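**Student:** Contents of coords-v2.pdb (PDB, C-alpha atoms):
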```
ATOM      1  CA  MET A  79       5.468 -11.018  -2.091
ATOM      2  CA  THR A  80       9.045 -12.127  -1.343
ATOM      3  CA  THR A  81       9.512 -15.828  -0.609
ATOM      4  CA  TRP A  82      12.365 -18.313  -0.228
ATOM      5  CA  THR A  83      11.929 -22.091  -0.258
ATOM      6  CA  VAL A  84      13.724 -24.025   2.486
ATOM      7  CA  GLY A  85      13.135 -27.734   1.932
ATOM      8  CA  ASP A  86       9.393 -27.852   1.584
ATOM      9  CA  VAL A  87       8.790 -24.685   3.634
ATOM     10  CA  ALA A  88       7.996 -21.340   1.999
ATOM     11  CA  VAL A  89       9.417 -18.468   4.065
ATOM     12  CA  HIS A  90       7.714 -15.147   3.346
ATOM     13  CA  ARG A  91       9.181 -11.731   4.130
ATOM     14  CA  ILE A  92       6.376  -9.495   5.378
ATOM     15  CA  ASP A  93       7.476  -5.911   4.786
ATOM     16  CA  GLU A  94       6.549  -3.171   7.192
ATOM     17  CA  VAL A  95       8.656  -0.103   6.408
ATOM     18  CA  ALA A  96      12.073   0.951   5.131
ATOM     19  CA  LEU A  97      13.939   2.709   7.919
ATOM     20  CA  PRO A  98      15.185   6.270   7.286
ATOM     21  CA  PRO A  99      18.823   6.978   6.333
ATOM     22  CA  ALA A 100      19.566   8.385   9.798
ATOM     23  CA  THR A 101      19.012   4.939  11.306
ATOM     24  CA  GLY A 102      22.418   3.558  10.299
ATOM     25  CA  PRO A 103      24.649   6.245  11.857
ATOM     26  CA  TRP A 104      22.566   6.136  15.050
ATOM     27  CA  LEU A 105      22.306   2.357  15.378
ATOM     28  CA  LEU A 106      25.763   1.305  14.143
ATOM     29  CA  PRO A 107      27.936   4.383  14.710
ATOM     30  CA  ASP A 108      31.185   2.556  13.908
ATOM     31  CA  ALA A 109      29.905   1.616  10.436
ATOM     32  CA  THR A 110      31.163   4.897   9.020
ATOM     33  CA  PRO A 111      31.045   5.775   5.321
ATOM     34  CA  ASP A 112      34.787   5.038   5.153
ATOM     35  CA  VAL A 113      34.233   1.547   6.560
ATOM     36  CA  VAL A 114      31.392   0.921   4.119
ATOM     37  CA  ALA A 115      33.415   2.309   1.200
ATOM     38  CA  GLY A 116      35.941  -0.480   1.686
ATOM     39  CA  GLN A 117      33.319  -3.140   0.957
ATOM     40  CA  ASP A 118      32.110  -2.887  -2.636
ATOM     41  CA  TRP A 119      29.809  -5.889  -2.165
ATOM     42  CA  LEU A 120      27.561  -3.865   0.162
ATOM     43  CA  ARG A 121      26.502  -1.560  -2.696
ATOM     44  CA  PRO A 122      23.931  -0.962  -4.073
ATOM     45  CA  HIS A 123      21.650  -3.237  -2.049
ATOM     46  CA  PHE A 124      22.850  -2.783   1.530
ATOM     47  CA  ALA A 125      24.306   0.736   1.298
ATOM     48  CA  ASP A 126      24.025   3.646  -1.075
ATOM     49  CA  GLY A 127      26.804   5.350  -3.021
ATOM     50  CA  GLU A 128      27.529   7.671  -0.098
ATOM     51  CA  GLY A 129      28.061   4.798   2.315
ATOM     52  CA  VAL A 130      24.718   5.228   4.081
ATOM     53  CA  LEU A 131      23.365   1.916   5.335
ATOM     54  CA  ARG A 132      19.998   0.593   4.198
ATOM     55  CA  LEU A 133      17.869  -1.066   6.895
ATOM     56  CA  ASP A 134      14.282  -2.363   6.944
ATOM     57  CA  SER A 135      11.629  -3.494   9.376
ATOM     58  CA  HIS A 136       9.949  -6.752   8.412
ATOM     59  CA  SER A 137       8.778 -10.117   9.754
ATOM     60  CA  PHE A 138       9.081 -13.666   8.464
ATOM     61  CA  ALA A 139       6.076 -15.989   8.154
ATOM     62  CA  PHE A 140       6.065 -19.700   7.364
ATOM     63  CA  THR A 141       4.427 -23.005   8.266
ATOM     64  CA  ALA A 142       6.534 -25.496  10.239
ATOM     65  CA  GLY A 143       5.549 -28.614  12.123
ATOM     66  CA  GLY A 144       1.937 -27.958  11.235
ATOM     67  CA  LEU A 145       2.064 -24.506  12.856
ATOM     68  CA  ARG A 146       1.630 -21.158  11.139
ATOM     69  CA  VAL A 147       4.533 -19.125  12.485
ATOM     70  CA  LEU A 148       5.437 -15.428  12.563
ATOM     71  CA  VAL A 149       8.917 -14.324  13.686
ATOM     72  CA  ASP A 150       8.961 -10.828  15.193
ATOM     73  CA  THR A 151       6.149  -8.340  14.697
ATOM     74  CA  GLY A 152       7.818  -5.063  13.746
ATOM     75  CA  ILE A 153       6.923  -1.592  14.944
ATOM     76  CA  GLY A 154       3.124  -1.617  14.720
ATOM     77  CA  ASN A 155       0.546   1.007  13.848
ATOM     78  CA  GLY A 156      -0.545   3.862  16.049
ATOM     79  CA  LYS A 157       2.103   3.315  18.715
ATOM     80  CA  GLN A 158       3.402   6.318  20.650
ATOM     81  CA  ARG A 159       7.178   6.101  20.329
ATOM     82  CA  ALA A 160      10.105   8.350  21.187
ATOM     83  CA  ASN A 161      11.870   7.418  17.951
ATOM     84  CA  PRO A 162      10.253   9.567  15.222
ATOM     85  CA  ALA A 163      10.770   6.816  12.629
ATOM     86  CA  TRP A 164       8.594   4.465  14.708
ATOM     87  CA  HIS A 165       6.017   6.937  15.998
ATOM     88  CA  ASP A 166       2.342   6.591  15.053
ATOM     89  CA  LEU A 167       2.886   4.525  11.914
ATOM     90  CA  ASP A 168       0.044   3.726   9.542
ATOM     91  CA  THR A 169       1.204   0.883   7.275
ATOM     92  CA  ASP A 170      -0.592  -1.924   5.472
ATOM     93  CA  TYR A 171       1.437  -4.619   7.234
ATOM     94  CA  LEU A 172      -1.620  -6.714   8.118
ATOM     95  CA  ARG A 173      -2.848  -6.600   4.533
ATOM     96  CA  ARG A 174       0.549  -7.857   3.363
ATOM     97  CA  LEU A 175       0.533 -10.591   5.981
ATOM     98  CA  THR A 176      -2.938 -11.667   4.900
ATOM     99  CA  ALA A 177      -1.946 -11.584   1.224
ATOM    100  CA  ALA A 178       0.887 -13.987   2.037
ATOM    101  CA  GLY A 179      -1.716 -16.396   3.385
ATOM    102  CA  PHE A 180      -1.402 -15.568   7.088
ATOM    103  CA  PRO A 181      -4.481 -13.611   8.215
ATOM    104  CA  PRO A 182      -4.121 -12.735  11.916
ATOM    105  CA  ASP A 183      -6.716 -15.254  13.098
ATOM    106  CA  SER A 184      -4.760 -18.073  11.407
ATOM    107  CA  VAL A 185      -1.392 -17.544  13.138
ATOM    108  CA  ASP A 186      -0.555 -20.268  15.670
ATOM    109  CA  LEU A 187       2.834 -19.154  16.958
ATOM    110  CA  VAL A 188       4.563 -15.780  17.277
ATOM    111  CA  ILE A 189       8.257 -15.956  18.135
ATOM    112  CA  LEU A 190       9.783 -12.807  19.615
ATOM    113  CA  THR A 191      13.561 -12.777  19.268
ATOM    114  CA  HIS A 192      13.642 -10.139  22.004
ATOM    115  CA  LEU A 193      11.457  -7.458  23.556
ATOM    116  CA  HIS A 194      12.463  -4.252  21.771
ATOM    117  CA  ALA A 195       9.893  -1.850  20.337
ATOM    118  CA  ASP A 196      10.623  -2.632  16.689
ATOM    119  CA  HIS A 197      10.118  -6.371  17.238
ATOM    120  CA  VAL A 198       6.899  -6.459  19.274
ATOM    121  CA  GLY A 199       4.724  -3.688  17.828
ATOM    122  CA  TRP A 200       2.221  -5.811  15.943
ATOM    123  CA  ASN A 201       1.777  -8.029  18.986
ATOM    124  CA  THR A 202      -1.258  -5.849  19.561
ATOM    125  CA  ARG A 203      -3.673  -3.584  17.741
ATOM    126  CA  GLU A 204      -6.094  -1.015  19.071
ATOM    127  CA  VAL A 205      -9.743  -2.048  19.308
ATOM    128  CA  ASN A 206     -12.254   0.345  20.907
ATOM    129  CA  GLY A 207      -9.497   2.246  22.648
ATOM    130  CA  ALA A 208      -7.767  -0.833  24.089
ATOM    131  CA  TRP A 209      -4.679  -2.745  22.954
ATOM    132  CA  VAL A 210      -5.553  -6.378  22.299
ATOM    133  CA  PRO A 211      -3.540  -9.296  20.848
ATOM    134  CA  THR A 212      -3.405  -9.036  17.070
ATOM    135  CA  PHE A 213      -3.096 -12.810  16.801
ATOM    136  CA  PRO A 214      -5.827 -13.991  19.167
ATOM    137  CA  HIS A 215      -5.261 -17.726  18.729
ATOM    138  CA  ALA A 216      -1.465 -17.661  18.816
ATOM    139  CA  ARG A 217       1.018 -18.572  21.489
ATOM    140  CA  TYR A 218       3.606 -15.810  21.770
ATOM    141  CA  LEU A 219       7.047 -17.169  22.701
ATOM    142  CA  THR A 220      10.131 -15.462  24.049
ATOM    143  CA  SER A 221      13.024 -16.436  26.280
ATOM    144  CA  ARG A 222      12.367 -16.580  30.021
ATOM    145  CA  VAL A 223      15.718 -14.843  30.551
ATOM    146  CA  GLU A 224      14.512 -12.005  28.292
ATOM    147  CA  ARG A 225      11.242 -11.396  30.090
ATOM    148  CA  GLU A 226      12.752 -11.680  33.553
ATOM    149  CA  PHE A 227      15.513  -9.232  32.665
ATOM    150  CA  TRP A 228      13.022  -6.538  31.679
ATOM    151  CA  ALA A 229      10.859  -7.292  34.713
ATOM    152  CA  GLY A 230      13.759  -6.173  36.887
ATOM    153  CA  TYR A 231      14.939  -3.302  34.698
ATOM    154  CA  ALA A 232      14.424   0.361  35.595
ATOM    155  CA  MET A 233      12.598   1.399  32.426
ATOM    156  CA  ASP A 234      12.347   4.934  31.166
ATOM    157  CA  GLU A 235       8.869   6.103  30.177
ATOM    158  CA  ALA A 236       9.306   5.322  26.482
ATOM    159  CA  ARG A 237      10.147   1.691  27.161
ATOM    160  CA  ALA A 238       7.437   1.415  29.811
ATOM    161  CA  GLN A 239       4.924   2.693  27.246
ATOM    162  CA  MET A 240       6.060   0.026  24.793
ATOM    163  CA  PHE A 241       5.527  -2.685  27.393
ATOM    164  CA  ARG A 242       2.101  -1.285  28.274
ATOM    165  CA  ASP A 243       0.835  -1.319  24.700
ATOM    166  CA  SER A 244       2.694  -4.253  23.135
ATOM    167  CA  VAL A 245       3.793  -6.761  25.786
ATOM    168  CA  LEU A 246       1.535  -6.560  28.839
ATOM    169  CA  PRO A 247      -1.754  -6.975  26.889
ATOM    170  CA  VAL A 248      -0.458 -10.269  25.473
ATOM    171  CA  GLU A 249       0.732 -11.358  28.900
ATOM    172  CA  GLU A 250      -2.538 -10.386  30.572
ATOM    173  CA  ALA A 251      -4.465 -12.334  27.934
ATOM    174  CA  GLY A 252      -2.489 -15.446  28.911
ATOM    175  CA  ARG A 253      -0.902 -15.694  25.455
ATOM    176  CA  LEU A 254       2.795 -15.159  26.369
ATOM    177  CA  ASP A 255       4.859 -18.310  26.990
ATOM    178  CA  LEU A 256       8.371 -18.088  28.408
ATOM    179  CA  VAL A 257      10.841 -20.686  27.168
ATOM    180  CA  GLU A 258      13.989 -22.024  28.788
ATOM    181  CA  VAL A 259      16.644 -21.898  26.065
ATOM    182  CA  PRO A 260      19.809 -23.890  26.849
ATOM    183  CA  ALA A 261      23.131 -23.261  25.137
ATOM    184  CA  ALA A 262      22.380 -25.948  22.539
ATOM    185  CA  GLY A 263      19.030 -24.362  21.723
ATOM    186  CA  VAL A 264      15.567 -25.815  22.078
ATOM    187  CA  GLU A 265      13.109 -27.228  19.559
ATOM    188  CA  VAL A 266       9.672 -25.625  19.919
ATOM    189  CA  ALA A 267       8.075 -27.429  16.961
ATOM    190  CA  PRO A 268       9.327 -30.044  14.503
ATOM    191  CA  GLY A 269      12.107 -28.405  12.498
ATOM    192  CA  LEU A 270      11.941 -25.166  14.467
ATOM    193  CA  ARG A 271      14.651 -24.350  16.996
ATOM    194  CA  LEU A 272      15.415 -21.316  19.165
ATOM    195  CA  ILE A 273      19.161 -20.539  19.413
ATOM    196  CA  PRO A 274      20.490 -18.336  22.234
ATOM    197  CA  THR A 275      22.423 -15.330  20.910
ATOM    198  CA  PRO A 276      22.656 -13.064  23.970
ATOM    199  CA  GLY A 277      24.248  -9.645  24.175
ATOM    200  CA  HIS A 278      21.986  -7.311  22.271
ATOM    201  CA  THR A 279      19.614  -8.235  25.071
ATOM    202  CA  PRO A 280      20.255 -10.917  27.713
ATOM    203  CA  GLY A 281      17.696 -13.359  26.309
ATOM    204  CA  HIS A 282      18.067 -12.617  22.616
ATOM    205  CA  LEU A 283      17.248 -15.498  20.264
ATOM    206  CA  ALA A 284      17.944 -16.483  16.687
ATOM    207  CA  VAL A 285      15.471 -18.816  14.984
ATOM    208  CA  GLU A 286      16.552 -21.878  13.021
ATOM    209  CA  LEU A 287      14.261 -23.598  10.537
ATOM    210  CA  THR A 288      15.106 -27.031   9.069
ATOM    211  CA  SER A 289      13.209 -28.926   6.386
ATOM    212  CA  HIS A 290      14.286 -31.864   4.218
ATOM    213  CA  GLY A 291      17.966 -31.279   4.903
ATOM    214  CA  ARG A 292      17.874 -27.520   4.231
ATOM    215  CA  THR A 293      18.264 -24.872   6.924
ATOM    216  CA  ALA A 294      17.516 -21.178   7.356
ATOM    217  CA  LEU A 295      18.527 -18.933  10.236
ATOM    218  CA  ILE A 296      16.661 -15.724  11.159
ATOM    219  CA  THR A 297      19.061 -13.303  12.825
ATOM    220  CA  GLY A 298      16.916 -11.084  14.991
ATOM    221  CA  ASP A 299      19.272  -8.322  16.131
ATOM    222  CA  CYS A 300      22.328 -10.521  16.647
ATOM    223  CA  VAL A 301      23.242  -9.134  13.208
ATOM    224  CA  HIS A 302      21.557  -5.882  12.230
ATOM    225  CA  HIS A 303      23.279  -5.295   8.893
ATOM    226  CA  PRO A 304      25.581  -7.188   6.492
ATOM    227  CA  VAL A 305      28.440  -4.760   7.237
ATOM    228  CA  GLN A 306      28.761  -6.691  10.515
ATOM    229  CA  LEU A 307      29.775  -9.798   8.588
ATOM    230  CA  THR A 308      32.914  -8.050   7.379
ATOM    231  CA  HIS A 309      33.357  -6.249  10.709
ATOM    232  CA  PRO A 310      31.843  -8.447  13.460
ATOM    233  CA  GLY A 311      33.224  -6.071  16.059
ATOM    234  CA  ILE A 312      30.781  -3.369  14.994
ATOM    235  CA  GLY A 313      27.984  -3.372  17.550
ATOM    236  CA  ALA A 314      24.722  -1.538  18.022
ATOM    237  CA  CYS A 315      24.466   1.505  20.248
ATOM    238  CA  VAL A 316      21.612  -0.230  22.098
ATOM    239  CA  ASP A 317      23.422  -3.499  22.859
ATOM    240  CA  ILE A 318      22.980  -4.287  26.557
ATOM    241  CA  ASP A 319      26.307  -6.173  26.681
ATOM    242  CA  PRO A 320      28.471  -5.202  23.686
ATOM    243  CA  GLY A 321      31.160  -7.784  24.371
ATOM    244  CA  GLN A 322      28.684 -10.632  24.629
ATOM    245  CA  SER A 323      26.845  -9.372  21.559
ATOM    246  CA  GLU A 324      30.063  -9.501  19.532
ATOM    247  CA  ALA A 325      30.867 -12.987  20.838
ATOM    248  CA  SER A 326      27.397 -14.237  19.878
ATOM    249  CA  ARG A 327      27.693 -12.677  16.427
ATOM    250  CA  ARG A 328      31.123 -14.154  15.780
ATOM    251  CA  GLY A 329      30.031 -17.566  16.996
ATOM    252  CA  LEU A 330      26.928 -17.531  14.842
ATOM    253  CA  LEU A 331      28.752 -16.394  11.704
ATOM    254  CA  ASP A 332      31.532 -18.900  12.221
ATOM    255  CA  SER A 333      28.980 -21.714  12.492
ATOM    256  CA  LEU A 334      27.321 -20.619   9.228
ATOM    257  CA  ALA A 335      30.364 -19.814   7.104
ATOM    258  CA  GLY A 336      30.782 -22.200   4.190
ATOM    259  CA  THR A 337      27.449 -23.934   4.758
ATOM    260  CA  ASP A 338      24.321 -23.708   2.624
ATOM    261  CA  THR A 339      22.270 -22.318   5.518
ATOM    262  CA  LEU A 340      20.163 -19.400   4.334
ATOM    263  CA  LEU A 341      20.761 -16.364   6.538
ATOM    264  CA  LEU A 342      17.642 -14.184   6.764
ATOM    265  CA  GLY A 343      18.352 -10.748   8.210
ATOM    266  CA  THR A 344      15.589  -9.270  10.311
ATOM    267  CA  HIS A 345      16.681  -5.755   9.316
ATOM    268  CA  PHE A 346      18.519  -6.542   6.054
ATOM    269  CA  ALA A 347      17.290  -4.529   3.095
ATOM    270  CA  PRO A 348      16.439  -6.510  -0.064
ATOM    271  CA  PRO A 349      17.749  -8.973  -1.141
ATOM    272  CA  THR A 350      17.637  -9.769   2.620
ATOM    273  CA  ALA A 351      18.899 -13.368   2.401
ATOM    274  CA  GLY A 352      22.151 -15.087   1.576
ATOM    275  CA  ASN A 353      24.866 -17.555   2.462
ATOM    276  CA  VAL A 354      27.725 -16.637   4.785
ATOM    277  CA  VAL A 355      31.131 -17.120   3.178
ATOM    278  CA  ALA A 356      34.575 -16.674   4.694
ATOM    279  CA  HIS A 357      36.389 -13.638   3.312
ATOM    280  CA  GLU A 358      39.747 -12.119   4.291
ATOM    281  CA  GLY A 359      39.626 -13.204   7.907
ATOM    282  CA  ALA A 360      35.965 -12.368   8.355
ATOM    283  CA  TYR A 361      32.808 -12.993   6.310
ATOM    284  CA  ARG A 362      30.599 -11.632   3.609
ATOM    285  CA  LEU A 363      27.086 -12.365   2.408
ATOM    286  CA  ALA A 364      26.504 -14.086  -0.922
ATOM    287  CA  PRO A 365      22.912 -13.023  -1.695
ATOM    288  CA  VAL A 366      20.367 -15.703  -2.509
ATOM    289  CA  PRO A 367      17.526 -14.366  -4.639
ATOM    290  CA  ALA A 368      13.951 -14.911  -3.625
ATOM    291  CA  ASP A 369      11.798 -17.332  -5.586
ATOM    292  CA  SER A 370      10.465 -16.040  -8.874
ATOM    293  CA  PRO A 371       6.793 -15.000  -8.681
TER     294      PRO A 371
END
```
Would you put the structure from the file into structure tokens?

**Tutor:**
Amino acid sequence: MTTWTVGDVAVHRIDEVALPPATGPWLLPDATPDVVAGQDWLRPHFADGEGVLRLDSHSFAFTAGGLRVLVDTGIGNGKQRANPAWHDLDTDYLRRLTAAGFPPDSVDLVILTHLHADHVGWNTREVNGAWVPTFPHARYLTSRVEREFWAGYAMDEARAQMFRDSVLPVEEAGRLDLVEVPAAGVEVAPGLRLIPTPGHTPGHLAVELTSHGRTALITGDCVHHPVQLTHPGIGACVDIDPGQSEASRRGLLDSLAGTDTLLLGTHFAPPTAGNVVAHEGAYRLAPVPADSP
């Protein structure tokens, strides 16, 4: 189990799967081996010796304001996906979540930074041939802007399938709550704030946790990989609005640089967390180790 302490809150990383080496060149095509080679601090944790990026799929679980919270739900098991790395997985994610002290029936709040397939998969699990909410007592939260954007979007079949198996069952069960998120963010529980970081998707959110004067920030896909700290202009091939995505990323990193806020990357390989520090006109990540077992 990997855990960081933020004030009096224990934040657990719930691992799902390491993403294959081909993910980096596809997702962040401008993060070439030459670009990575110029940043020694990325190796060996965030890139290998050949400059290939390391990326993971995981969630974060913690208790805040008396609520047991899960941020993003990964890819999920048994989902039919166009991306071979996400297709028909069979992982022990739920066992890991339970081992961290968060059995599915105990989760009160699921925050979805956005509605992409690798962030909503464990929203549901298959029971007797039907997809049902994995967390039956939880409120699932996402931005109203996010949901309304996809409601009006001409989806291809792969995305429509994802909505059918991982979003609509939660909605139809009355478990999905849509939140208005102003520019200053919105508190959804004591010490728990949603921060708008649009661009990757129109309603994309980052999640800020504060406890006893300490703060952590969960990136979602505003920042996919630490290479984007050094090169904030590097965007993802699936950004809906690349210019807005870059502006959100730069604004977020600038607000964190030089502070003791713990940045928790939703796709960052271990060590996953760190402080943002200014470096040569941009930023870098100073890793913060997880608590000792």

**Student:** Excluding A:His302 and any residue of its chain fewer than 6 positions from it, enumerate the residues within 8 Å of it, using only C-alpha atoms, and give them as a list in words.

**Tutor:**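 In the requested form, the answer reads Ala314, Gly343, Thr344, His345 and Phe346 of chain A.
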
**Student:** Could you give me, as JSON lines, a per-residue list for stretch 180-243 of chain A showing, wherever an atom lies at most 6 Å from an atom of stretch 278-289 of chain A, the closest pair of atoms and their distance in Å to one decimal, using all atoms listed in the file and sorting by chain then residue number from low to high?

**Tutor:**
```
{"residue": "A:Thr191", "atom": "CA", "partner": "A:Leu283", "partner_atom": "CA", "distance": 4.7}
{"residue": "A:His192", "atom": "CA", "partner": "A:His282", "partner_atom": "CA", "distance": 5.1}
{"residue": "A:Ser221", "atom": "CA", "partner": "A:Gly281", "partner_atom": "CA", "distance": 5.6}
{"residue": "A:Val223", "atom": "CA", "partner": "A:Gly281", "partner_atom": "CA", "distance": 4.9}
{"residue": "A:Glu224", "atom": "CA", "partner": "A:Gly281", "partner_atom": "CA", "distance": 4.0}
```

**Student:** Would you pick out the contacts of A:Glu94 at 12 Å or less, using all atoms listed in the file, so that residues sharing its chain but fewer than 5 positions from it are not included, and give the list as a list of chain:residue names?

**Tutor:** A:Leu133, A:Asp134, A:Ser135, A:His136, A:Ser137, A:Phe138, A:Asp150, A:Thr151, A:Gly152, A:Ile153, A:Gly154, A:Asn155, A:Trp164, A:Leu167, A:Asp168, A:Thr169, A:Asp170, A:Tyr171, A:Leu172, A:Arg173, A:Arg174, A:Leu175, A:Asp196, A:His197, A:Gly199, A:Trp200, A:Thr344, A:His345, A:Ala347

**Student:** I need the output of the PyMOL selection byres ((chain A and resi 311) around 9) for this file as a short mmCIF file (atom, residue, chain, number, x, y, z; two decimals) with C-alpha atoms, in the coordinates of the input; which residues are they?

**Tutor:**
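Below you can see out.cif, which holds the result:
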```cif
data_model
loop_
_atom_site.label_atom_id
_atom_site.label_comp_id
_atom_site.auth_asym_id
_atom_site.auth_seq_id
_atom_site.Cartn_x
_atom_site.Cartn_y
_atom_site.Cartn_z
CA GLN A 306 28.76 -6.69 10.52
CA THR A 308 32.91 -8.05 7.38
CA HIS A 309 33.36 -6.25 10.71
CA PRO A 310 31.84 -8.45 13.46
CA ILE A 312 30.78 -3.37 14.99
CA GLY A 313 27.98 -3.37 17.55
CA GLY A 321 31.16 -7.78 24.37
CA GLU A 324 30.06 -9.50 19.53
CA ALA A 325 30.87 -12.99 20.84
CA ARG A 327 27.69 -12.68 16.43
CA ARG A 328 31.12 -14.15 15.78
#
```

**Student:** Have a look at atom CA of A:Pro211 and atom CA of A:Glu249 and let me know their distance in Å, one decimal.

**Tutor:** 9.3 Å

**Student:** Neighbouring residues of stretch 115-131 of chain A were defined as those with any atom within 12 Å, considering all atoms listed in the file; residues of the same chain fewer than 2 positions away were excluded. Please report them as a PyMOL selection string.

**Tutor:** chain A and resi 96-113+133-134+302-309+343+345-351+357-358+361-365

**Student:** Using Å and a single decimal, report how far atom CA of A:Leu190 sits from atom CA of A:Pro162.

**Tutor:**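 Interatomic distance, atom CA of A:Pro162 to atom CA of A:Leu190: 22.8 Å.
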
**Student:** Can you complete the atoms of stretch 264-271 of chain A to all heavy atoms and list them as a PDB file, in the coordinates of the input?

**Tutor:**
```
ATOM      1  N   VAL A 264      16.715 -24.997  21.713  1.00  0.00           N
ATOM      2  CA  VAL A 264      15.567 -25.815  22.078  1.00  0.00           C
ATOM      3  C   VAL A 264      14.602 -25.876  20.906  1.00  0.00           C
ATOM      4  O   VAL A 264      14.330 -24.858  20.255  1.00  0.00           O
ATOM      5  CB  VAL A 264      14.872 -25.273  23.346  1.00  0.00           C
ATOM      6  CG1 VAL A 264      14.337 -23.854  23.132  1.00  0.00           C
ATOM      7  CG2 VAL A 264      13.759 -26.198  23.804  1.00  0.00           C
ATOM      8  N   GLU A 265      14.090 -27.056  20.624  1.00  0.00           N
ATOM      9  CA  GLU A 265      13.109 -27.228  19.559  1.00  0.00           C
ATOM     10  C   GLU A 265      11.720 -26.917  20.105  1.00  0.00           C
ATOM     11  O   GLU A 265      11.305 -27.482  21.112  1.00  0.00           O
ATOM     12  CB  GLU A 265      13.154 -28.651  19.004  1.00  0.00           C
ATOM     13  CG  GLU A 265      12.317 -28.838  17.749  1.00  0.00           C
ATOM     14  CD  GLU A 265      12.519 -30.192  17.090  1.00  0.00           C
ATOM     15  OE1 GLU A 265      12.077 -31.193  17.690  1.00  0.00           O
ATOM     16  OE2 GLU A 265      13.108 -30.238  15.993  1.00  0.00           O
ATOM     17  N   VAL A 266      11.008 -26.009  19.464  1.00  0.00           N
ATOM     18  CA  VAL A 266       9.672 -25.625  19.919  1.00  0.00           C
ATOM     19  C   VAL A 266       8.581 -26.177  19.016  1.00  0.00           C
ATOM     20  O   VAL A 266       7.395 -26.087  19.342  1.00  0.00           O
ATOM     21  CB  VAL A 266       9.544 -24.092  20.042  1.00  0.00           C
ATOM     22  CG1 VAL A 266      10.456 -23.583  21.143  1.00  0.00           C
ATOM     23  CG2 VAL A 266       9.848 -23.390  18.716  1.00  0.00           C
ATOM     24  N   ALA A 267       8.965 -26.730  17.882  1.00  0.00           N
ATOM     25  CA  ALA A 267       8.075 -27.429  16.961  1.00  0.00           C
ATOM     26  C   ALA A 267       8.980 -28.238  16.047  1.00  0.00           C
ATOM     27  O   ALA A 267      10.180 -27.930  15.942  1.00  0.00           O
ATOM     28  CB  ALA A 267       7.214 -26.455  16.147  1.00  0.00           C
ATOM     29  N   PRO A 268       8.462 -29.270  15.399  1.00  0.00           N
ATOM     30  CA  PRO A 268       9.327 -30.044  14.503  1.00  0.00           C
ATOM     31  C   PRO A 268      10.006 -29.158  13.462  1.00  0.00           C
ATOM     32  O   PRO A 268       9.348 -28.412  12.738  1.00  0.00           O
ATOM     33  CB  PRO A 268       8.351 -31.029  13.854  1.00  0.00           C
ATOM     34  CG  PRO A 268       7.277 -31.214  14.877  1.00  0.00           C
ATOM     35  CD  PRO A 268       7.110 -29.864  15.505  1.00  0.00           C
ATOM     36  N   GLY A 269      11.341 -29.200  13.449  1.00  0.00           N
ATOM     37  CA  GLY A 269      12.107 -28.405  12.498  1.00  0.00           C
ATOM     38  C   GLY A 269      12.272 -26.945  12.861  1.00  0.00           C
ATOM     39  O   GLY A 269      12.801 -26.170  12.058  1.00  0.00           O
ATOM     40  N   LEU A 270      11.887 -26.571  14.075  1.00  0.00           N
ATOM     41  CA  LEU A 270      11.941 -25.166  14.467  1.00  0.00           C
ATOM     42  C   LEU A 270      12.650 -25.056  15.819  1.00  0.00           C
ATOM     43  O   LEU A 270      12.167 -25.564  16.834  1.00  0.00           O
ATOM     44  CB  LEU A 270      10.527 -24.593  14.557  1.00  0.00           C
ATOM     45  CG  LEU A 270      10.386 -23.093  14.790  1.00  0.00           C
ATOM     46  CD1 LEU A 270      11.067 -22.297  13.688  1.00  0.00           C
ATOM     47  CD2 LEU A 270       8.905 -22.728  14.883  1.00  0.00           C
ATOM     48  N   ARG A 271      13.797 -24.391  15.808  1.00  0.00           N
ATOM     49  CA  ARG A 271      14.651 -24.350  16.996  1.00  0.00           C
ATOM     50  C   ARG A 271      14.993 -22.901  17.354  1.00  0.00           C
ATOM     51  O   ARG A 271      15.258 -22.068  16.474  1.00  0.00           O
ATOM     52  CB  ARG A 271      15.944 -25.127  16.735  1.00  0.00           C
ATOM     53  CG  ARG A 271      16.945 -25.152  17.878  1.00  0.00           C
ATOM     54  CD  ARG A 271      18.122 -26.055  17.566  1.00  0.00           C
ATOM     55  NE  ARG A 271      17.697 -27.448  17.546  1.00  0.00           N
ATOM     56  CZ  ARG A 271      17.630 -28.232  18.623  1.00  0.00           C
ATOM     57  NH1 ARG A 271      17.979 -27.755  19.816  1.00  0.00           N
ATOM     58  NH2 ARG A 271      17.251 -29.478  18.513  1.00  0.00           N
TER      59      ARG A 271
END
```
